[in-house]
Every structure is written in C-alpha cells, then in structure tokens.
>>> print(open('work-v9.cif').read())   # mmCIF, C-alpha atoms and all ligand atoms
data_model
#
loop_
_atom_site.group_PDB
_atom_site.id
_atom_site.type_symbol
_atom_site.label_atom_id
_atom_site.label_comp_id
_atom_site.auth_asym_id
_atom_site.auth_seq_id
_atom_site.Cartn_x
_atom_site.Cartn_y
_atom_site.Cartn_z
ATOM 1 C CA MET J 177 208.414 133.359 -4.632
ATOM 2 C CA THR J 178 208.836 131.586 -1.365
ATOM 3 C CA LEU J 179 207.493 128.476 0.294
ATOM 4 C CA ARG J 180 208.873 129.547 3.659
ATOM 5 C CA VAL J 181 205.455 130.318 5.175
ATOM 6 C CA TYR J 182 204.033 127.029 3.870
ATOM 7 C CA GLN J 183 206.963 125.032 5.238
ATOM 8 C CA LYS J 184 207.008 126.836 8.588
ATOM 9 C CA LYS J 185 203.377 125.928 9.256
ATOM 10 C CA ARG J 186 203.931 122.198 8.788
ATOM 11 C CA LYS J 187 205.747 119.325 10.500
ATOM 12 C CA PHE J 188 206.821 117.108 7.619
ATOM 13 C CA SER J 189 207.601 114.241 9.985
ATOM 14 C CA GLN J 190 203.866 114.095 10.739
ATOM 15 C CA THR J 191 201.913 115.289 7.717
ATOM 16 C CA PRO J 192 201.794 113.438 4.370
ATOM 17 C CA GLU J 193 201.786 116.805 2.522
ATOM 18 C CA PRO J 194 204.774 117.486 0.203
ATOM 19 C CA LYS J 195 207.654 119.704 1.274
ATOM 20 C CA GLY J 196 208.082 121.076 -2.241
ATOM 21 C CA GLY J 197 210.907 122.532 -4.224
ATOM 22 C CA THR J 198 210.744 120.700 -7.557
ATOM 23 C CA PRO J 199 210.141 123.110 -10.444
ATOM 24 C CA HIS J 200 207.618 122.247 -13.154
ATOM 25 C CA ARG J 201 208.602 122.011 -16.782
ATOM 26 C CA GLY J 202 205.236 121.167 -18.340
ATOM 27 C CA LYS J 203 203.899 122.849 -21.459
ATOM 28 C CA LYS J 204 200.754 124.161 -19.796
ATOM 29 C CA LEU J 205 199.947 126.000 -16.588
ATOM 30 C CA GLU J 206 198.129 123.642 -14.247
ATOM 31 C CA PHE J 207 195.503 124.227 -11.609
ATOM 32 C CA VAL J 208 193.947 122.201 -8.843
ATOM 33 C CA ILE J 209 190.955 122.799 -6.606
ATOM 34 C CA HIS J 210 191.042 120.942 -3.322
ATOM 35 C CA LYS J 211 187.966 120.339 -1.190
ATOM 36 C CA HIS J 212 189.233 120.467 2.372
ATOM 37 C CA ARG J 213 187.419 119.755 5.587
ATOM 38 C CA ALA J 214 189.551 121.504 8.199
ATOM 39 C CA SER J 215 187.949 123.347 11.140
ATOM 40 C CA ARG J 216 185.582 124.576 8.404
ATOM 41 C CA LEU J 217 184.777 123.070 5.042
ATOM 42 C CA HIS J 218 186.231 125.101 2.164
ATOM 43 C CA TYR J 219 187.704 124.794 -1.295
ATOM 44 C CA ASP J 220 191.311 125.699 -2.086
ATOM 45 C CA PHE J 221 191.712 127.240 -5.526
ATOM 46 C CA ARG J 222 195.332 126.824 -6.642
ATOM 47 C CA LEU J 223 196.940 128.184 -9.811
ATOM 48 C CA GLU J 224 200.445 127.374 -11.039
ATOM 49 C CA MET J 225 202.310 130.655 -11.355
ATOM 50 C CA GLY J 226 205.991 131.465 -10.967
ATOM 51 C CA GLY J 227 206.890 127.882 -10.012
ATOM 52 C CA VAL J 228 204.448 127.594 -7.108
ATOM 53 C CA LEU J 229 200.695 127.282 -6.601
ATOM 54 C CA LYS J 230 199.131 130.653 -5.845
ATOM 55 C CA SER J 231 196.302 129.759 -3.473
ATOM 56 C CA TRP J 232 192.942 131.103 -2.361
ATOM 57 C CA ALA J 233 190.559 129.593 0.206
ATOM 58 C CA VAL J 234 186.983 129.791 -1.093
ATOM 59 C CA PRO J 235 184.482 129.001 1.712
ATOM 60 C CA LYS J 236 181.491 128.479 -0.625
ATOM 61 C CA GLY J 237 183.444 126.928 -3.479
ATOM 62 C CA PRO J 238 183.211 127.922 -7.137
ATOM 63 C CA SER J 239 179.920 128.834 -8.804
ATOM 64 C CA LEU J 240 179.009 128.665 -12.491
ATOM 65 C CA ASN J 241 176.460 131.450 -12.031
ATOM 66 C CA PRO J 242 177.827 134.834 -13.211
ATOM 67 C CA GLN J 243 175.550 136.532 -10.623
ATOM 68 C CA ASP J 244 177.531 135.010 -7.749
ATOM 69 C CA ARG J 245 180.567 136.648 -6.185
ATOM 70 C CA HIS J 246 182.222 134.148 -3.905
ATOM 71 C CA LEU J 247 184.807 135.303 -1.404
ATOM 72 C CA ALA J 248 188.313 133.929 -2.070
ATOM 73 C CA VAL J 249 190.874 134.659 0.626
ATOM 74 C CA MET J 250 194.451 134.619 -0.597
ATOM 75 C CA VAL J 251 196.638 132.294 1.460
ATOM 76 C CA GLU J 252 200.298 131.303 1.358
ATOM 77 C CA ASP J 253 201.924 129.864 -1.774
ATOM 78 C CA HIS J 254 201.879 126.085 -1.910
ATOM 79 C CA PRO J 255 204.501 123.910 -3.636
ATOM 80 C CA PHE J 256 203.731 122.791 -7.161
ATOM 81 C CA GLU J 257 203.788 119.160 -5.959
ATOM 82 C CA TYR J 258 200.750 119.931 -3.816
ATOM 83 C CA ARG J 259 198.546 119.572 -6.918
ATOM 84 C CA LYS J 260 198.741 115.805 -6.496
ATOM 85 C CA PHE J 261 197.998 115.762 -2.787
ATOM 86 C CA GLU J 262 194.880 113.992 -1.605
ATOM 87 C CA GLY J 263 194.516 112.412 1.795
ATOM 88 C CA ILE J 264 194.245 113.008 5.501
ATOM 89 C CA ILE J 265 196.211 115.659 7.399
ATOM 90 C CA PRO J 266 196.600 114.190 10.888
ATOM 91 C CA GLU J 267 195.057 115.662 13.997
ATOM 92 C CA GLY J 268 197.267 118.254 15.679
ATOM 93 C CA ASN J 269 198.712 119.472 12.367
ATOM 94 C CA TYR J 270 197.993 122.661 10.437
ATOM 95 C CA GLY J 271 194.802 122.193 8.376
ATOM 96 C CA ALA J 272 194.041 118.820 10.007
ATOM 97 C CA GLY J 273 191.276 116.983 8.173
ATOM 98 C CA GLU J 274 190.424 115.404 4.830
ATOM 99 C CA VAL J 275 191.497 116.734 1.428
ATOM 100 C CA ILE J 276 190.302 115.590 -1.992
ATOM 101 C CA ILE J 277 191.202 116.791 -5.483
ATOM 102 C CA TRP J 278 187.818 118.246 -6.397
ATOM 103 C CA ASP J 279 188.973 119.449 -9.812
ATOM 104 C CA LYS J 280 192.163 119.699 -11.842
ATOM 105 C CA GLY J 281 193.334 120.651 -15.292
ATOM 106 C CA TRP J 282 195.121 123.504 -17.020
ATOM 107 C CA TYR J 283 194.340 127.157 -17.455
ATOM 108 C CA GLU J 284 195.439 130.158 -19.494
ATOM 109 C CA PRO J 285 194.880 133.907 -19.614
ATOM 110 C CA ARG J 286 192.226 135.233 -21.982
ATOM 111 C CA ALA J 287 194.760 136.014 -24.691
ATOM 112 C CA GLU J 288 196.276 132.983 -26.422
ATOM 113 C CA LEU J 289 199.918 133.037 -25.413
ATOM 114 C CA ALA J 290 202.761 130.548 -25.112
ATOM 115 C CA LYS J 291 203.300 129.312 -21.538
ATOM 116 C CA LYS J 292 206.146 131.681 -20.699
ATOM 117 C CA ASP J 293 204.256 134.752 -21.927
ATOM 118 C CA ALA J 294 201.020 133.505 -20.377
ATOM 119 C CA GLU J 295 202.735 133.240 -17.004
ATOM 120 C CA LYS J 296 204.193 136.735 -17.363
ATOM 121 C CA GLU J 297 200.745 138.125 -18.181
ATOM 122 C CA LEU J 298 199.129 136.305 -15.245
ATOM 123 C CA LEU J 299 201.780 137.505 -12.776
ATOM 124 C CA LYS J 300 201.090 141.061 -13.963
ATOM 125 C CA GLU J 301 197.332 140.573 -13.526
ATOM 126 C CA LEU J 302 197.927 139.068 -10.079
ATOM 127 C CA LYS J 303 199.866 142.158 -9.041
ATOM 128 C CA ASN J 304 197.102 144.385 -10.410
ATOM 129 C CA GLY J 305 194.472 142.426 -8.486
ATOM 130 C CA HIS J 306 192.416 141.299 -11.489
ATOM 131 C CA LEU J 307 193.041 137.890 -13.018
ATOM 132 C CA THR J 308 191.147 136.614 -16.035
ATOM 133 C CA LEU J 309 191.375 132.839 -16.302
ATOM 134 C CA VAL J 310 190.190 130.394 -18.926
ATOM 135 C CA MET J 311 189.800 127.087 -17.129
ATOM 136 C CA HIS J 312 190.161 123.688 -18.776
ATOM 137 C CA GLY J 313 189.217 121.447 -15.898
ATOM 138 C CA GLU J 314 187.045 118.376 -15.546
ATOM 139 C CA LYS J 315 184.388 120.369 -13.672
ATOM 140 C CA LEU J 316 185.304 124.019 -14.238
ATOM 141 C CA LYS J 317 185.402 125.213 -17.820
ATOM 142 C CA GLY J 318 185.376 128.599 -19.472
ATOM 143 C CA GLU J 319 186.196 132.054 -18.244
ATOM 144 C CA PHE J 320 186.470 133.126 -14.607
ATOM 145 C CA ALA J 321 187.759 136.260 -12.918
ATOM 146 C CA LEU J 322 189.520 136.645 -9.593
ATOM 147 C CA VAL J 323 189.232 140.244 -8.457
ATOM 148 C CA ARG J 324 190.867 141.782 -5.404
ATOM 149 C CA THR J 325 188.334 143.841 -3.469
ATOM 150 C CA SER J 326 190.725 146.137 -1.647
ATOM 151 C CA PRO J 327 194.412 146.182 -0.765
ATOM 152 C CA SER J 328 193.850 143.064 1.325
ATOM 153 C CA LYS J 329 193.794 139.307 1.009
ATOM 154 C CA ASN J 330 190.137 139.309 0.002
ATOM 155 C CA TRP J 331 189.331 138.519 -3.594
ATOM 156 C CA LEU J 332 186.106 137.527 -5.383
ATOM 157 C CA LEU J 333 185.770 134.518 -7.671
ATOM 158 C CA ILE J 334 183.318 135.253 -10.484
ATOM 159 C CA LYS J 335 182.178 133.174 -13.462
ATOM 160 C CA LYS J 336 182.004 135.107 -16.714
ATOM 161 C CA GLY J 337 178.919 134.750 -18.910
ATOM 162 C CA ASP J 338 179.818 132.192 -21.568
ATOM 163 C CA LYS J 339 178.487 128.851 -22.790
ATOM 164 C CA PHE J 340 179.731 127.159 -19.593
ATOM 165 C CA ALA J 341 177.784 129.508 -17.282
ATOM 166 C CA SER J 342 174.945 127.749 -15.451
ATOM 167 C CA GLU J 343 172.650 127.996 -12.458
ATOM 168 C CA ASN J 344 173.349 124.368 -11.552
ATOM 169 C CA ASP J 345 175.295 123.944 -8.321
ATOM 170 C CA ILE J 346 178.642 122.513 -9.465
ATOM 171 C CA THR J 347 179.640 121.681 -5.860
ATOM 172 C CA LYS J 348 176.983 118.927 -5.943
ATOM 173 C CA LYS J 349 179.548 117.047 -8.008
ATOM 174 C CA ASP J 350 181.356 116.201 -4.811
ATOM 175 C CA ALA J 351 183.683 113.345 -5.769
ATOM 176 C CA SER J 352 187.434 113.560 -6.310
ATOM 177 C CA VAL J 353 188.457 113.673 -9.964
ATOM 178 C CA LYS J 354 191.517 111.645 -8.934
ATOM 179 C CA SER J 355 190.041 108.783 -6.913
ATOM 180 C CA GLY J 356 186.256 109.125 -7.132
ATOM 181 C CA LYS J 357 186.165 109.417 -3.336
ATOM 182 C CA THR J 358 184.226 112.054 -1.423
ATOM 183 C CA ILE J 359 185.284 113.898 1.734
ATOM 184 C CA GLU J 360 182.832 111.648 3.590
ATOM 185 C CA ASP J 361 184.583 108.533 2.235
ATOM 186 C CA LEU J 362 187.890 109.797 3.618
ATOM 187 C CA GLN J 363 186.262 110.838 6.860
ATOM 188 C CA LYS J 364 185.142 107.278 7.472
ATOM 189 C CA ARG J 365 188.746 106.187 7.109
ATOM 190 C CA ASN J 366 190.062 108.911 9.374
ATOM 191 C CA LYS J 367 190.528 107.431 12.786
ATOM 192 C CA ASN J 368 190.349 110.937 14.207
ATOM 193 C CA ALA J 369 186.892 111.454 12.734
ATOM 194 C CA LYS J 370 185.396 111.621 16.227
ATOM 195 C CA ARG J 371 186.230 115.278 16.566
ATOM 196 C CA TRP J 372 183.831 116.148 13.736
ATOM 197 C CA HIS J 373 180.976 114.538 15.637
ATOM 198 C CA ALA J 374 181.906 116.552 18.683
ATOM 199 C CA GLN J 375 181.393 119.858 16.825
HETATM 200 MN MN MN G 1 192.662 124.452 2.944
#
>>> encode(input="work-v9.cif", output="structure tokens", more="lines below")
Ligand code: MN
Amino acid sequence: MTLRVYQKKRKFSQTPEPKGGTPHRGKKLEFVIHKHRASRLHYDFRLEMGGVLKSWAVPKGPSLNPQDRHLAVMVEDHPFEYRKFEGIIPEGNYGAGEVIIWDKGWYEPRAELAKKDAEKELLKELKNGHLTLVMHGEKLKGEFALVRTSPSKNWLLIKKGDKFASENDITKKDASVKSGKTIEDLQKRNKNAKRWHAQ
C-alpha cells in the first residue's frame, strides 16, 4: 500500500492535512466519512484497511434506502491519520474547500472475525470488487455493500435491507460528529469563501 499518490498531490507546507505514515494498532477497524465541499460537494467514504484509508468519493452521499445505488468512485489511499482531519484546505491546493467529519466509527465484515482476520477478509473482498461492511457509526449503522461495476474505479454503495434501512434522508443530518459544525459554518470562516459565490 502506498501513500505516494496522496503525498504527491499535496503541498504540506500549505495544507493542514496530515502527511501520514503512522501505523494504527487499535483493536477495531475504523472508518470515517468526510463531507467535502471542493469544486463539487461530495462525501468521502474511507475505510481502514492494510494500514491506510481506502477511499471512495460519493457525490450523493450514503443512503439508508436499499433501493438506492449511489456511485462511489475509488480514489487514492489516504493516510490513517486523515480520519481525524476536519478543517479548511486553502485555495490553490488540491481539494481546496471545507471538510467536516460527517460520520465516524468502526466497521467489520459480515462474519465475526478478529481484527487481523477481518482485515484479511476485507482485502480479499476489495480485490474481488464486492465488499460487505457492517457499520458501527454515529449515523451509519448496519450492513452496506460496496460493489465494483466493471474493471474500473466505479463502485456502487448500497444499503442492505436490515433494521437500520430507512427512506429518511440521512444526509439531512449535516453536522460534524466531531465538532457539531456544518460545512456552511466552516465556509463562513473561510476567508476564500468568495469563490463559492462566484460559481
Ligand atoms: Mn474529497
């Protein structure tokens, strides 16, 4: 696993994002979902796997409705430390704009396995293009699938029918689970916010 692409895209003298490289020794596999207003608003779905955060950009965000199939485009691995990142990426930098921690928690494969075996199973499922995830987040709970649609970077994020399935729009819960702030709260603080008005 490499963070080379991630690091190449960023100027760490300018962006507050972490450079990465510290391995995780926790007992559970963690996940984070960022809400990120870059040139377009999207959600970044990030799963700890193999020492990094495997990452997908989900334009519509997650849905609790098993009828929905939301596009999730696989992007470069992010460092594990990125799970704690919330803030403003300055103008002129890759992904410039506001980022909040929309959801966080831990996750596991469908089968109950110890962390090491769980990770092995998930890496196998990732390679096969069909991940089954049981999410233990503050907003997302229960079973989800990430399914690759073709030999490409396009995957689909799908909620499985269980007691956590719902037709309610979960993205209406728009505050950070870390700070309680919304993207709009950060935007007000962002002195470069003018460019959003120009769009
Ligand atoms: Mn993003």
>>> residues_around(input="work-v9.cif", residues="J:Ile276", least_positions_apart="2", cutoff="8 Å", atoms="only C-alpha atoms", output="number ranges by chain")
J: 210-212, 261-263, 274, 278, 351-352, 357-359
>>> residues_near_ligand(input="work-v9.cif", ligand="ligand MN 1 (chain G)", cutoff="9 Å", atoms="all atoms listed in the file", output="list in words")
His210, Lys211, His212, Arg213, Ala214, Arg216, Leu217, His218, Tyr219, Asp220, Phe221, Trp232, Ala233, Val234, Val251, Gly271 and Val275 of chain J
>>> residues_around(input="work-v9.cif", residues="J:Lys329", least_positions_apart="3", cutoff="8 Å", atoms="all atoms listed in the file", output="tab-separated table (two decimals) with C-alpha atoms, in the frame of the given file")
chain	number	residue	atom	x	y	z
J	249	VAL	CA	190.87	134.66	0.63
J	250	MET	CA	194.45	134.62	-0.60
J	251	VAL	CA	196.64	132.29	1.46
J	324	ARG	CA	190.87	141.78	-5.40
J	326	SER	CA	190.72	146.14	-1.65
>>> atom_distance(input="work-v9.cif", atom1="atom CA of J:Ser215", atom2="atom CA of J:Ser231")
18.0 Å
>>> residues_around(input="work-v9.cif", residues="stretch 311-320 of chain J", least_positions_apart="3", cutoff="12 Å", atoms="only C-alpha atoms", output="NGL selection string")
:J and (204-209 or 221-223 or 237-242 or 244-246 or 277-287 or 306-308 or 323 or 332-342 or 344-354)
>>> closest_residue(input="work-v9.cif", among="J:Met225, J:Arg259, J:Thr178, J:Leu247", to="J:Pro194", atoms="all atoms listed in the file")
J:Arg259
>>> resolve_selection(input="work-v9.cif", expression="the PyMOL selection byres (((chain J and resi 179) around 12) and not hetatm)", output="list in words")
Met177, Thr178, Arg180, Val181, Tyr182, Gln183, Lys184, Lys185, Arg186, Pro194, Lys195, Gly196, Gly197, Thr198, Gly226, Gly227, Val228, Leu229, Lys230, Ser231, Val251, Glu252, Asp253, His254, Pro255, Phe256, Glu257 and Tyr258 of chain J
>>> atom_distance(input="work-v9.cif", atom1="atom CA of J:Glu295", atom2="atom CA of J:Tyr270")
29.8 Å
>>> decode(input="work-v9.cif", residues="stretch 217-266 of chain J", atoms="N, CA and C atoms", output="compact mmCIF listing (two decimals), in the first residue's frame")
# COMPACT_ATOMS: atom_id res chain seq x y z
N LEU J 217 -19.57 19.48 -4.21
CA LEU J 217 -19.84 18.87 -2.90
C LEU J 217 -19.88 17.35 -3.06
N HIS J 218 -19.22 16.64 -2.16
CA HIS J 218 -19.27 15.17 -2.18
C HIS J 218 -18.96 14.65 -0.78
N TYR J 219 -19.12 13.36 -0.64
CA TYR J 219 -18.76 12.69 0.61
C TYR J 219 -17.60 11.75 0.32
N ASP J 220 -16.64 11.67 1.23
CA ASP J 220 -15.53 10.75 1.07
C ASP J 220 -15.68 9.62 2.08
N PHE J 221 -15.88 8.43 1.55
CA PHE J 221 -16.11 7.23 2.36
C PHE J 221 -14.75 6.55 2.53
N ARG J 222 -14.26 6.47 3.78
CA ARG J 222 -12.90 5.97 3.98
C ARG J 222 -12.88 4.83 5.00
N LEU J 223 -12.29 3.71 4.59
CA LEU J 223 -12.24 2.51 5.41
C LEU J 223 -10.79 2.14 5.71
N GLU J 224 -10.50 1.94 7.00
CA GLU J 224 -9.16 1.47 7.38
C GLU J 224 -8.96 0.05 6.85
N MET J 225 -7.89 -0.11 6.08
CA MET J 225 -7.56 -1.43 5.53
C MET J 225 -6.09 -1.43 5.15
N GLY J 226 -5.35 -2.41 5.63
CA GLY J 226 -3.94 -2.51 5.27
C GLY J 226 -3.11 -1.31 5.70
N GLY J 227 -3.49 -0.67 6.80
CA GLY J 227 -2.69 0.44 7.34
C GLY J 227 -2.99 1.80 6.75
N VAL J 228 -3.89 1.86 5.78
CA VAL J 228 -4.26 3.16 5.19
C VAL J 228 -5.79 3.27 5.18
N LEU J 229 -6.29 4.38 4.67
CA LEU J 229 -7.74 4.53 4.48
C LEU J 229 -8.04 4.36 2.99
N LYS J 230 -8.67 3.23 2.66
CA LYS J 230 -9.17 3.04 1.29
C LYS J 230 -10.30 4.05 1.12
N SER J 231 -10.34 4.74 -0.01
CA SER J 231 -11.23 5.90 -0.12
C SER J 231 -12.05 5.91 -1.40
N TRP J 232 -13.30 6.30 -1.25
CA TRP J 232 -14.23 6.45 -2.37
C TRP J 232 -14.90 7.82 -2.26
N ALA J 233 -15.03 8.52 -3.38
CA ALA J 233 -15.79 9.78 -3.40
C ALA J 233 -17.22 9.45 -3.83
N VAL J 234 -18.17 9.84 -2.98
CA VAL J 234 -19.58 9.52 -3.23
C VAL J 234 -20.32 10.84 -3.44
N PRO J 235 -20.63 11.20 -4.70
CA PRO J 235 -21.22 12.53 -4.96
C PRO J 235 -22.53 12.75 -4.18
N LYS J 236 -23.41 11.74 -4.14
CA LYS J 236 -24.70 11.93 -3.47
C LYS J 236 -24.66 11.63 -1.98
N GLY J 237 -23.58 11.03 -1.52
CA GLY J 237 -23.52 10.63 -0.12
C GLY J 237 -24.23 9.31 0.10
N PRO J 238 -24.12 8.76 1.33
CA PRO J 238 -24.75 7.48 1.61
C PRO J 238 -26.27 7.59 1.68
N SER J 239 -26.94 6.48 1.42
CA SER J 239 -28.40 6.41 1.56
C SER J 239 -28.74 5.19 2.42
N LEU J 240 -29.79 5.32 3.21
CA LEU J 240 -30.24 4.19 4.03
C LEU J 240 -31.31 3.38 3.31
N ASN J 241 -31.64 3.80 2.08
CA ASN J 241 -32.68 3.12 1.32
C ASN J 241 -32.07 2.03 0.42
N PRO J 242 -32.41 0.76 0.68
CA PRO J 242 -31.80 -0.33 -0.10
C PRO J 242 -32.10 -0.26 -1.61
N GLN J 243 -33.07 0.58 -2.00
CA GLN J 243 -33.37 0.75 -3.43
C GLN J 243 -32.31 1.61 -4.13
N ASP J 244 -31.60 2.42 -3.37
CA ASP J 244 -30.65 3.36 -3.97
C ASP J 244 -29.31 2.69 -4.25
N ARG J 245 -28.72 3.09 -5.38
CA ARG J 245 -27.37 2.64 -5.73
C ARG J 245 -26.56 3.89 -6.01
N HIS J 246 -25.79 4.32 -5.06
CA HIS J 246 -25.08 5.59 -5.21
C HIS J 246 -23.65 5.34 -5.68
N LEU J 247 -23.30 6.05 -6.75
CA LEU J 247 -21.97 5.95 -7.32
C LEU J 247 -20.90 6.29 -6.28
N ALA J 248 -19.86 5.46 -6.23
CA ALA J 248 -18.71 5.69 -5.33
C ALA J 248 -17.45 5.48 -6.17
N VAL J 249 -16.74 6.56 -6.40
CA VAL J 249 -15.56 6.48 -7.27
C VAL J 249 -14.31 6.28 -6.41
N MET J 250 -13.62 5.18 -6.66
CA MET J 250 -12.43 4.90 -5.85
C MET J 250 -11.35 5.93 -6.15
N VAL J 251 -10.78 6.48 -5.09
CA VAL J 251 -9.70 7.46 -5.23
C VAL J 251 -8.46 6.94 -4.49
N GLU J 252 -7.42 7.75 -4.45
CA GLU J 252 -6.16 7.29 -3.86
C GLU J 252 -6.29 7.01 -2.36
N ASP J 253 -5.43 6.08 -1.88
CA ASP J 253 -5.37 5.79 -0.45
C ASP J 253 -5.02 7.05 0.31
N HIS J 254 -5.63 7.21 1.46
CA HIS J 254 -5.31 8.33 2.35
C HIS J 254 -4.66 7.78 3.62
N PRO J 255 -3.80 8.58 4.27
CA PRO J 255 -3.16 8.09 5.50
C PRO J 255 -4.19 7.86 6.60
N PHE J 256 -3.88 6.92 7.47
CA PHE J 256 -4.79 6.61 8.57
C PHE J 256 -5.11 7.84 9.42
N GLU J 257 -4.11 8.72 9.57
CA GLU J 257 -4.29 9.94 10.37
C GLU J 257 -5.36 10.85 9.79
N TYR J 258 -5.70 10.65 8.53
CA TYR J 258 -6.68 11.53 7.88
C TYR J 258 -8.06 11.41 8.53
N ARG J 259 -8.28 10.32 9.27
CA ARG J 259 -9.61 10.13 9.89
C ARG J 259 -9.94 11.25 10.86
N LYS J 260 -8.92 11.91 11.37
CA LYS J 260 -9.17 12.99 12.35
C LYS J 260 -9.22 14.36 11.71
N PHE J 261 -8.99 14.41 10.39
CA PHE J 261 -8.90 15.73 9.75
C PHE J 261 -10.28 16.37 9.55
N GLU J 262 -10.35 17.60 9.98
CA GLU J 262 -11.53 18.44 9.73
C GLU J 262 -11.00 19.86 9.62
N GLY J 263 -11.41 20.59 8.62
CA GLY J 263 -10.92 21.95 8.50
C GLY J 263 -11.02 22.47 7.09
N ILE J 264 -10.16 23.44 6.80
CA ILE J 264 -10.22 24.14 5.52
C ILE J 264 -8.94 23.87 4.74
N ILE J 265 -9.07 23.35 3.54
CA ILE J 265 -7.92 23.18 2.64
C ILE J 265 -7.81 24.48 1.85
N PRO J 266 -6.66 25.16 1.97
CA PRO J 266 -6.57 26.51 1.40
C PRO J 266 -6.68 26.54 -0.13
